[in-house]
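K.L.:
My structure is stored as work_12.txt, with compact mmCIF, N, CA and C atoms.
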# COMPACT_ATOMS: atom_id res chain seq x y z
N MET Z 1 137.42 69.22 31.56
CA MET Z 1 137.39 70.37 30.68
C MET Z 1 135.99 70.58 30.07
N MET Z 2 135.36 69.48 29.68
CA MET Z 2 134.03 69.60 29.08
C MET Z 2 133.01 70.09 30.10
N VAL Z 3 133.21 69.74 31.35
CA VAL Z 3 132.30 70.19 32.40
C VAL Z 3 132.40 71.71 32.55
N VAL Z 4 133.61 72.24 32.49
CA VAL Z 4 133.81 73.69 32.60
C VAL Z 4 133.15 74.41 31.44
N VAL Z 5 133.32 73.89 30.24
CA VAL Z 5 132.71 74.49 29.05
C VAL Z 5 131.18 74.43 29.16
N ALA Z 6 130.64 73.33 29.66
CA ALA Z 6 129.19 73.21 29.82
C ALA Z 6 128.67 74.21 30.84
N ILE Z 7 129.38 74.39 31.94
CA ILE Z 7 128.97 75.35 32.97
C ILE Z 7 129.02 76.77 32.41
N MET Z 8 130.06 77.09 31.67
CA MET Z 8 130.16 78.44 31.06
C MET Z 8 129.03 78.67 30.06
N GLY Z 9 128.65 77.63 29.32
CA GLY Z 9 127.55 77.75 28.37
C GLY Z 9 126.23 78.01 29.08
N ILE Z 10 126.02 77.34 30.18
CA ILE Z 10 124.78 77.54 30.96
C ILE Z 10 124.76 78.96 31.53
N MET Z 11 125.89 79.43 32.03
CA MET Z 11 125.96 80.78 32.59
C MET Z 11 125.71 81.83 31.50
N ALA Z 12 126.28 81.60 30.32
CA ALA Z 12 126.07 82.54 29.21
C ALA Z 12 124.61 82.58 28.81
N ALA Z 13 123.97 81.43 28.81
CA ALA Z 13 122.54 81.36 28.44
C ALA Z 13 121.67 82.12 29.44
N MET Z 14 122.13 82.24 30.66
CA MET Z 14 121.37 82.98 31.67
C MET Z 14 121.64 84.48 31.59
N VAL Z 15 122.84 84.88 31.19
CA VAL Z 15 123.24 86.29 31.20
C VAL Z 15 122.76 87.04 29.97
N VAL Z 16 122.80 86.42 28.81
CA VAL Z 16 122.47 87.11 27.55
C VAL Z 16 121.06 87.70 27.56
N PRO Z 17 120.01 86.98 27.97
CA PRO Z 17 118.68 87.59 27.99
C PRO Z 17 118.59 88.78 28.96
N LYS Z 18 119.29 88.70 30.08
CA LYS Z 18 119.28 89.81 31.04
C LYS Z 18 119.92 91.05 30.42
N MET Z 19 121.00 90.87 29.66
CA MET Z 19 121.67 92.00 29.02
C MET Z 19 120.76 92.64 27.98
N ALA Z 20 120.04 91.84 27.22
CA ALA Z 20 119.14 92.38 26.20
C ALA Z 20 118.03 93.20 26.87
N ASP Z 21 117.52 92.71 27.99
CA ASP Z 21 116.48 93.43 28.72
C ASP Z 21 117.02 94.76 29.25
N GLN Z 22 118.25 94.77 29.73
CA GLN Z 22 118.85 96.01 30.24
C GLN Z 22 119.05 97.02 29.11
N MET Z 23 119.40 96.56 27.92
CA MET Z 23 119.55 97.46 26.78
C MET Z 23 118.20 98.10 26.44
N ARG Z 24 117.15 97.32 26.48
CA ARG Z 24 115.81 97.85 26.18
C ARG Z 24 115.39 98.87 27.25
N ARG Z 25 115.65 98.57 28.51
CA ARG Z 25 115.32 99.51 29.58
C ARG Z 25 116.11 100.81 29.44
N SER Z 26 117.35 100.71 29.02
CA SER Z 26 118.17 101.89 28.81
C SER Z 26 117.60 102.78 27.71
N ALA Z 27 117.17 102.17 26.61
CA ALA Z 27 116.57 102.94 25.51
C ALA Z 27 115.27 103.59 25.97
N GLU Z 28 114.48 102.87 26.76
CA GLU Z 28 113.23 103.44 27.28
C GLU Z 28 113.51 104.63 28.18
N GLY Z 29 114.52 104.52 29.04
CA GLY Z 29 114.88 105.63 29.92
C GLY Z 29 115.34 106.84 29.15
N SER Z 30 116.11 106.61 28.10
CA SER Z 30 116.57 107.71 27.25
C SER Z 30 115.39 108.42 26.58
N THR Z 31 114.43 107.64 26.09
CA THR Z 31 113.26 108.21 25.42
C THR Z 31 112.39 108.98 26.42
N LYS Z 32 112.23 108.46 27.63
CA LYS Z 32 111.46 109.18 28.65
C LYS Z 32 112.12 110.51 28.99
N GLY Z 33 113.45 110.53 29.06
CA GLY Z 33 114.15 111.78 29.32
C GLY Z 33 113.98 112.78 28.18
N SER Z 34 114.04 112.29 26.95
CA SER Z 34 113.84 113.15 25.78
C SER Z 34 112.42 113.69 25.73
N LEU Z 35 111.46 112.87 26.10
CA LEU Z 35 110.06 113.31 26.14
C LEU Z 35 109.88 114.42 27.17
N ALA Z 36 110.49 114.28 28.32
CA ALA Z 36 110.41 115.31 29.36
C ALA Z 36 111.06 116.61 28.87
N THR Z 37 112.16 116.50 28.15
CA THR Z 37 112.83 117.69 27.60
C THR Z 37 111.93 118.39 26.59
N LEU Z 38 111.29 117.63 25.70
CA LEU Z 38 110.37 118.22 24.72
C LEU Z 38 109.20 118.92 25.41
N ARG Z 39 108.64 118.28 26.41
CA ARG Z 39 107.50 118.87 27.12
C ARG Z 39 107.91 120.15 27.86
N SER Z 40 109.10 120.16 28.42
CA SER Z 40 109.59 121.38 29.09
C SER Z 40 109.78 122.51 28.10
N ALA Z 41 110.37 122.20 26.95
CA ALA Z 41 110.56 123.22 25.91
C ALA Z 41 109.22 123.77 25.44
N LEU Z 42 108.22 122.91 25.31
CA LEU Z 42 106.88 123.37 24.90
C LEU Z 42 106.26 124.28 25.95
N LEU Z 43 106.46 123.96 27.22
CA LEU Z 43 105.92 124.82 28.29
C LEU Z 43 106.57 126.21 28.27
N ILE Z 44 107.86 126.25 28.03
CA ILE Z 44 108.55 127.55 27.97
C ILE Z 44 108.07 128.33 26.75
N TYR Z 45 107.92 127.67 25.60
CA TYR Z 45 107.38 128.31 24.41
C TYR Z 45 105.99 128.89 24.71
N PHE Z 46 105.15 128.08 25.34
CA PHE Z 46 103.78 128.48 25.69
C PHE Z 46 103.80 129.74 26.56
N ALA Z 47 104.69 129.78 27.54
CA ALA Z 47 104.79 130.94 28.44
C ALA Z 47 105.30 132.17 27.70
N ASP Z 48 106.29 132.00 26.85
CA ASP Z 48 106.85 133.13 26.09
C ASP Z 48 105.88 133.70 25.07
N ASN Z 49 104.98 132.88 24.57
CA ASN Z 49 104.07 133.31 23.51
C ASN Z 49 102.65 133.51 24.01
N ILE Z 50 102.53 133.85 25.24
CA ILE Z 50 101.26 134.22 25.88
C ILE Z 50 100.15 133.21 25.59
N GLY Z 51 100.42 131.96 25.90
CA GLY Z 51 99.40 130.93 25.82
C GLY Z 51 99.19 130.30 24.47
N GLU Z 52 100.02 130.58 23.50
CA GLU Z 52 99.87 129.96 22.18
C GLU Z 52 100.81 128.78 22.05
N ASP Z 53 100.29 127.66 21.59
CA ASP Z 53 101.13 126.50 21.32
C ASP Z 53 101.68 126.60 19.90
N PRO Z 54 102.87 126.05 19.65
CA PRO Z 54 103.41 126.09 18.29
C PRO Z 54 102.59 125.20 17.36
N SER Z 55 102.52 125.58 16.10
CA SER Z 55 101.77 124.77 15.14
C SER Z 55 102.55 123.53 14.73
N ASP Z 56 103.85 123.53 14.99
CA ASP Z 56 104.72 122.42 14.64
C ASP Z 56 105.88 122.40 15.63
N LEU Z 57 106.40 121.23 15.95
CA LEU Z 57 107.50 121.15 16.91
C LEU Z 57 108.78 121.82 16.41
N SER Z 58 108.91 121.99 15.11
CA SER Z 58 110.11 122.66 14.59
C SER Z 58 110.17 124.12 15.04
N ALA Z 59 109.06 124.68 15.49
CA ALA Z 59 109.02 126.07 15.96
C ALA Z 59 109.80 126.27 17.26
N ILE Z 60 110.04 125.20 18.00
CA ILE Z 60 110.78 125.34 19.26
C ILE Z 60 112.29 125.19 19.07
N VAL Z 61 112.72 124.82 17.85
CA VAL Z 61 114.14 124.66 17.54
C VAL Z 61 114.61 125.91 16.84
N PRO Z 62 115.73 126.51 17.14
CA PRO Z 62 116.72 126.21 18.16
C PRO Z 62 116.57 127.06 19.43
N LYS Z 63 115.56 127.92 19.49
CA LYS Z 63 115.47 128.82 20.63
C LYS Z 63 115.20 128.10 21.95
N TYR Z 64 114.33 127.11 21.95
CA TYR Z 64 113.93 126.44 23.19
C TYR Z 64 114.60 125.08 23.39
N ILE Z 65 115.08 124.50 22.32
CA ILE Z 65 115.77 123.20 22.36
C ILE Z 65 116.71 123.16 21.16
N SER Z 66 117.90 122.61 21.35
CA SER Z 66 118.90 122.65 20.27
C SER Z 66 118.50 121.83 19.05
N GLY Z 67 117.74 120.80 19.24
CA GLY Z 67 117.28 119.96 18.14
C GLY Z 67 116.28 118.97 18.67
N LEU Z 68 115.48 118.42 17.80
CA LEU Z 68 114.49 117.43 18.25
C LEU Z 68 115.23 116.14 18.61
N PRO Z 69 115.00 115.64 19.82
CA PRO Z 69 115.69 114.42 20.24
C PRO Z 69 115.14 113.19 19.53
N THR Z 70 115.89 112.12 19.62
CA THR Z 70 115.51 110.86 19.00
C THR Z 70 114.70 110.01 19.97
N ALA Z 71 113.60 109.46 19.49
CA ALA Z 71 112.83 108.50 20.27
C ALA Z 71 113.42 107.12 20.01
N LYS Z 72 113.91 106.50 21.06
CA LYS Z 72 114.53 105.17 20.95
C LYS Z 72 113.56 104.15 21.52
N ILE Z 73 112.84 103.48 20.64
CA ILE Z 73 111.79 102.57 21.08
C ILE Z 73 112.25 101.12 20.98
N GLY Z 74 113.45 100.91 20.54
CA GLY Z 74 114.03 99.58 20.56
C GLY Z 74 113.52 98.65 19.50
N GLU Z 75 113.01 97.51 19.91
CA GLU Z 75 112.67 96.45 18.97
C GLU Z 75 111.44 96.73 18.12
N TYR Z 76 110.64 97.71 18.47
CA TYR Z 76 109.39 97.96 17.75
C TYR Z 76 109.55 98.88 16.55
N HIS Z 77 110.36 99.92 16.71
CA HIS Z 77 110.55 100.90 15.65
C HIS Z 77 112.02 101.30 15.62
N SER Z 78 112.48 101.80 14.48
CA SER Z 78 113.85 102.30 14.43
C SER Z 78 113.91 103.64 15.16
N ASN Z 79 115.09 104.00 15.64
CA ASN Z 79 115.26 105.27 16.33
C ASN Z 79 114.91 106.40 15.37
N SER Z 80 114.10 107.36 15.85
CA SER Z 80 113.62 108.41 14.95
C SER Z 80 113.31 109.69 15.72
N ALA Z 81 113.57 110.82 15.07
CA ALA Z 81 113.18 112.12 15.60
C ALA Z 81 112.03 112.70 14.76
N ASP Z 82 111.44 111.87 13.91
CA ASP Z 82 110.31 112.32 13.07
C ASP Z 82 109.11 112.67 13.93
N VAL Z 83 108.32 113.63 13.45
CA VAL Z 83 107.16 114.09 14.19
C VAL Z 83 105.91 113.96 13.33
N VAL Z 84 104.87 113.35 13.88
CA VAL Z 84 103.56 113.33 13.24
C VAL Z 84 102.74 114.43 13.91
N ASN Z 85 102.29 115.42 13.13
CA ASN Z 85 101.43 116.49 13.64
C ASN Z 85 100.00 116.11 13.36
N ALA Z 86 99.16 116.23 14.36
CA ALA Z 86 97.75 115.84 14.19
C ALA Z 86 96.85 116.73 15.02
N ALA Z 87 95.60 116.82 14.61
CA ALA Z 87 94.62 117.61 15.35
C ALA Z 87 94.12 116.86 16.58
N ALA Z 88 94.24 115.54 16.57
CA ALA Z 88 93.83 114.71 17.71
C ALA Z 88 94.63 113.42 17.68
N PHE Z 89 94.76 112.79 18.81
CA PHE Z 89 95.50 111.54 18.87
C PHE Z 89 94.74 110.48 18.09
N GLY Z 90 95.41 109.81 17.19
CA GLY Z 90 94.76 108.75 16.44
C GLY Z 90 95.20 108.68 14.98
N ALA Z 91 95.65 109.78 14.40
CA ALA Z 91 96.09 109.75 13.01
C ALA Z 91 97.53 109.27 12.95
N ASN Z 92 97.81 108.30 12.10
CA ASN Z 92 99.15 107.73 11.93
C ASN Z 92 99.80 107.28 13.23
N PRO Z 93 99.09 106.53 14.04
CA PRO Z 93 99.73 106.07 15.27
C PRO Z 93 100.71 104.93 14.99
N ASP Z 94 101.62 104.75 15.90
CA ASP Z 94 102.50 103.58 15.92
C ASP Z 94 103.47 103.52 14.74
N VAL Z 95 104.08 104.65 14.41
CA VAL Z 95 105.10 104.65 13.37
C VAL Z 95 106.47 105.03 13.92
N GLY Z 96 106.58 105.22 15.23
CA GLY Z 96 107.85 105.62 15.83
C GLY Z 96 108.01 107.13 15.84
N GLY Z 97 109.02 107.60 16.51
CA GLY Z 97 109.25 109.04 16.61
C GLY Z 97 108.30 109.68 17.61
N TRP Z 98 107.90 110.91 17.31
CA TRP Z 98 107.05 111.69 18.22
C TRP Z 98 105.69 111.95 17.61
N TYR Z 99 104.71 112.20 18.45
CA TYR Z 99 103.35 112.49 18.03
C TYR Z 99 102.94 113.80 18.70
N TYR Z 100 102.70 114.83 17.90
CA TYR Z 100 102.37 116.16 18.43
C TYR Z 100 100.93 116.50 18.11
N VAL Z 101 100.12 116.71 19.14
CA VAL Z 101 98.72 117.10 18.97
C VAL Z 101 98.67 118.61 19.01
N THR Z 102 98.40 119.23 17.86
CA THR Z 102 98.53 120.68 17.72
C THR Z 102 97.55 121.51 18.56
N PRO Z 103 96.28 121.18 18.66
CA PRO Z 103 95.41 122.09 19.43
C PRO Z 103 95.78 122.17 20.91
N SER Z 104 96.24 121.07 21.47
CA SER Z 104 96.54 121.06 22.91
C SER Z 104 98.01 121.27 23.21
N GLY Z 105 98.87 121.18 22.19
CA GLY Z 105 100.30 121.33 22.41
C GLY Z 105 100.90 120.18 23.20
N THR Z 106 100.35 118.99 23.04
CA THR Z 106 100.81 117.82 23.77
C THR Z 106 101.65 116.93 22.88
N VAL Z 107 102.73 116.41 23.45
CA VAL Z 107 103.60 115.52 22.68
C VAL Z 107 103.66 114.15 23.36
N PHE Z 108 103.64 113.11 22.54
CA PHE Z 108 103.70 111.72 22.99
C PHE Z 108 104.77 110.99 22.20
N VAL Z 109 105.14 109.80 22.68
CA VAL Z 109 105.94 108.89 21.87
C VAL Z 109 104.96 108.17 20.96
N ASN Z 110 105.28 108.11 19.68
CA ASN Z 110 104.36 107.55 18.69
C ASN Z 110 104.55 106.03 18.59
N CYS Z 111 104.10 105.32 19.63
CA CYS Z 111 104.23 103.87 19.67
C CYS Z 111 103.11 103.30 20.54
N LEU Z 112 102.42 102.31 20.03
CA LEU Z 112 101.32 101.69 20.76
C LEU Z 112 101.70 100.35 21.39
N HIS Z 113 102.99 100.01 21.37
CA HIS Z 113 103.45 98.77 21.99
C HIS Z 113 103.67 98.99 23.49
N THR Z 114 103.98 97.93 24.20
CA THR Z 114 104.21 98.05 25.64
C THR Z 114 105.71 98.07 25.95
N ASP Z 115 106.03 98.71 27.07
CA ASP Z 115 107.41 98.78 27.52
C ASP Z 115 107.75 97.59 28.41
N THR Z 116 108.90 97.62 29.07
CA THR Z 116 109.33 96.50 29.91
C THR Z 116 108.46 96.33 31.15
N LYS Z 117 107.65 97.34 31.47
CA LYS Z 117 106.75 97.25 32.62
C LYS Z 117 105.30 97.05 32.18
N ASP Z 118 105.10 96.68 30.92
CA ASP Z 118 103.79 96.42 30.32
C ASP Z 118 102.88 97.65 30.26
N ALA Z 119 103.45 98.83 30.22
CA ALA Z 119 102.68 100.06 30.01
C ALA Z 119 102.77 100.43 28.54
N VAL Z 120 101.69 100.94 27.97
CA VAL Z 120 101.70 101.36 26.57
C VAL Z 120 102.62 102.59 26.45
N VAL Z 121 103.54 102.55 25.52
CA VAL Z 121 104.57 103.58 25.39
C VAL Z 121 103.96 104.97 25.19
N SER Z 122 102.89 105.07 24.42
CA SER Z 122 102.30 106.39 24.16
C SER Z 122 101.64 107.00 25.40
N THR Z 123 101.52 106.25 26.49
CA THR Z 123 100.94 106.79 27.72
C THR Z 123 101.98 107.39 28.66
N TRP Z 124 103.25 107.34 28.29
CA TRP Z 124 104.30 107.89 29.16
C TRP Z 124 104.07 109.36 29.37
In structure tokens, what does this structure look like?
P.N.:
Amino acid sequence: MMVVVAIMGIMAAMVVPKMADQMRRSAEGSTKGSLATLRSALLIYFADNIGEDPSDLSAIVPKYISGLPTAKIGEYHSNSADVVNAAAFGANPDVGGWYYVTPSGTVFVNCLHTDTKDAVVSTW
């Protein structure tokens, strides 16, 4: 009986880290999908407004997107739909949520940590 319990303990020790990694990958995939949705909504806004980017991401809600999605960055930051608006990338980095550069109309994930593939999250 003790041998069975020991084997189950070893198996559990192998499975738990894999499950945690899969949860993190799932959150990253969700955030990448949300980022693509935001970028698509910005492109449609840009086309509808004859080349003008919105001064704030709230300008695309609700006409182009029903609401700002949540950035799920997992262990580094809490889930957030907050937006940092800046004239250039660099102000208030790494606080979670989204980072919107107003002159170029570009949106990033506001996180300078690395993902499960060792890529910096803000480079997605």
K.L.:
Quick one: residues within 6 Å of Pro69 (chain Z), all atoms listed in the file, excluding same-chain residues fewer than 2 positions away - as a PyMOL selection string?
P.N.:
chain Z and resi 34+67+71+80-81
K.L.:
Go through chain Z and collect every residue that DSSP, computed from the backbone, puts in strand (DSSP E or B); the answer should be as a PyMOL selection string.
P.N.:
chain Z and resi 71+80+83-86+98-101+106-109+114+120
K.L.:
One decimal, in Å: what's the spacing between CA of Asn85 (chain Z) and atom N of Asp56 (chain Z)?
P.N.:
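Between CA of Asn85 (chain Z) and atom N of Asp56 (chain Z) the gap is 7.6 Å.
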K.L.:
Counting only C-alpha atoms, find residues at most 12 Å from (104.0, 125.3, 27.1) (file frame) and give them as a VMD selection string.
P.N.:
chain Z and resid 37 to 54 57 60 64 102 to 107
K.L.:
Would you compute the distance between atom C of Ser26 (chain Z) and atom C of Tyr99 (chain Z)? Give it in Å to one decimal.
P.N.:
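Interatomic distance, atom C of Ser26 (chain Z) to atom C of Tyr99 (chain Z): 20.4 Å.
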K.L.:
Mind checking which residues fall within 7 Å of Thr123 (chain Z), counting all atoms listed in the file, ignoring those fewer than 2 positions away in the same chain, and posting them as JSON, numbers by chain?
P.N.:
{"Z": [108, 109, 111, 119, 120, 121]}
K.L.:
Which of region 2-121 of chain Z end up as helix (DSSP H, G or I) when DSSP is run on this backbone - answer as a PyMOL selection string?
P.N.:
chain Z and resi 2-48+57-60+121
K.L.:
Between CA of Pro62 (chain Z) and CA of Lys32 (chain Z), what is the distance in Å, rounded to a tenth?
P.N.:
20.7 Å
K.L.:
Which centre and which edge lengths, in Å to one decimal, describe the axis-aligned box that holds all listed atoms of region 92-102 of chain Z after 5 Å is added on each side, as JSON?
P.N.:
{"center_x": 103.4, "center_y": 112.5, "center_z": 15.5, "size_x": 21.7, "size_y": 28.0, "size_z": 17.2}
K.L.:
For Glu28 (chain Z), work out the shell of residues within 8 Å, counting only N, CA and C atoms and skipping chain neighbours fewer than 2 positions away, then give it as a list in words.
P.N.:
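Within the cut-off, the hits are Gln22, Met23, Arg24, Arg25, Ser26, Ser30, Thr31, Lys32, Gly33, Ser34, Lys72, Ile73, Gly74, Asp115 and Thr116 of chain Z.
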K.L.:
Could you tell me which of Z:Ser78, Z:Ser55, Z:Ala20, Z:Val61 comes closest to Tyr100 (chain Z) if we count only N, CA and C atoms?
P.N.:
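The shortest atom-to-atom distance to Tyr100 (chain Z) comes from Z:Ser55.
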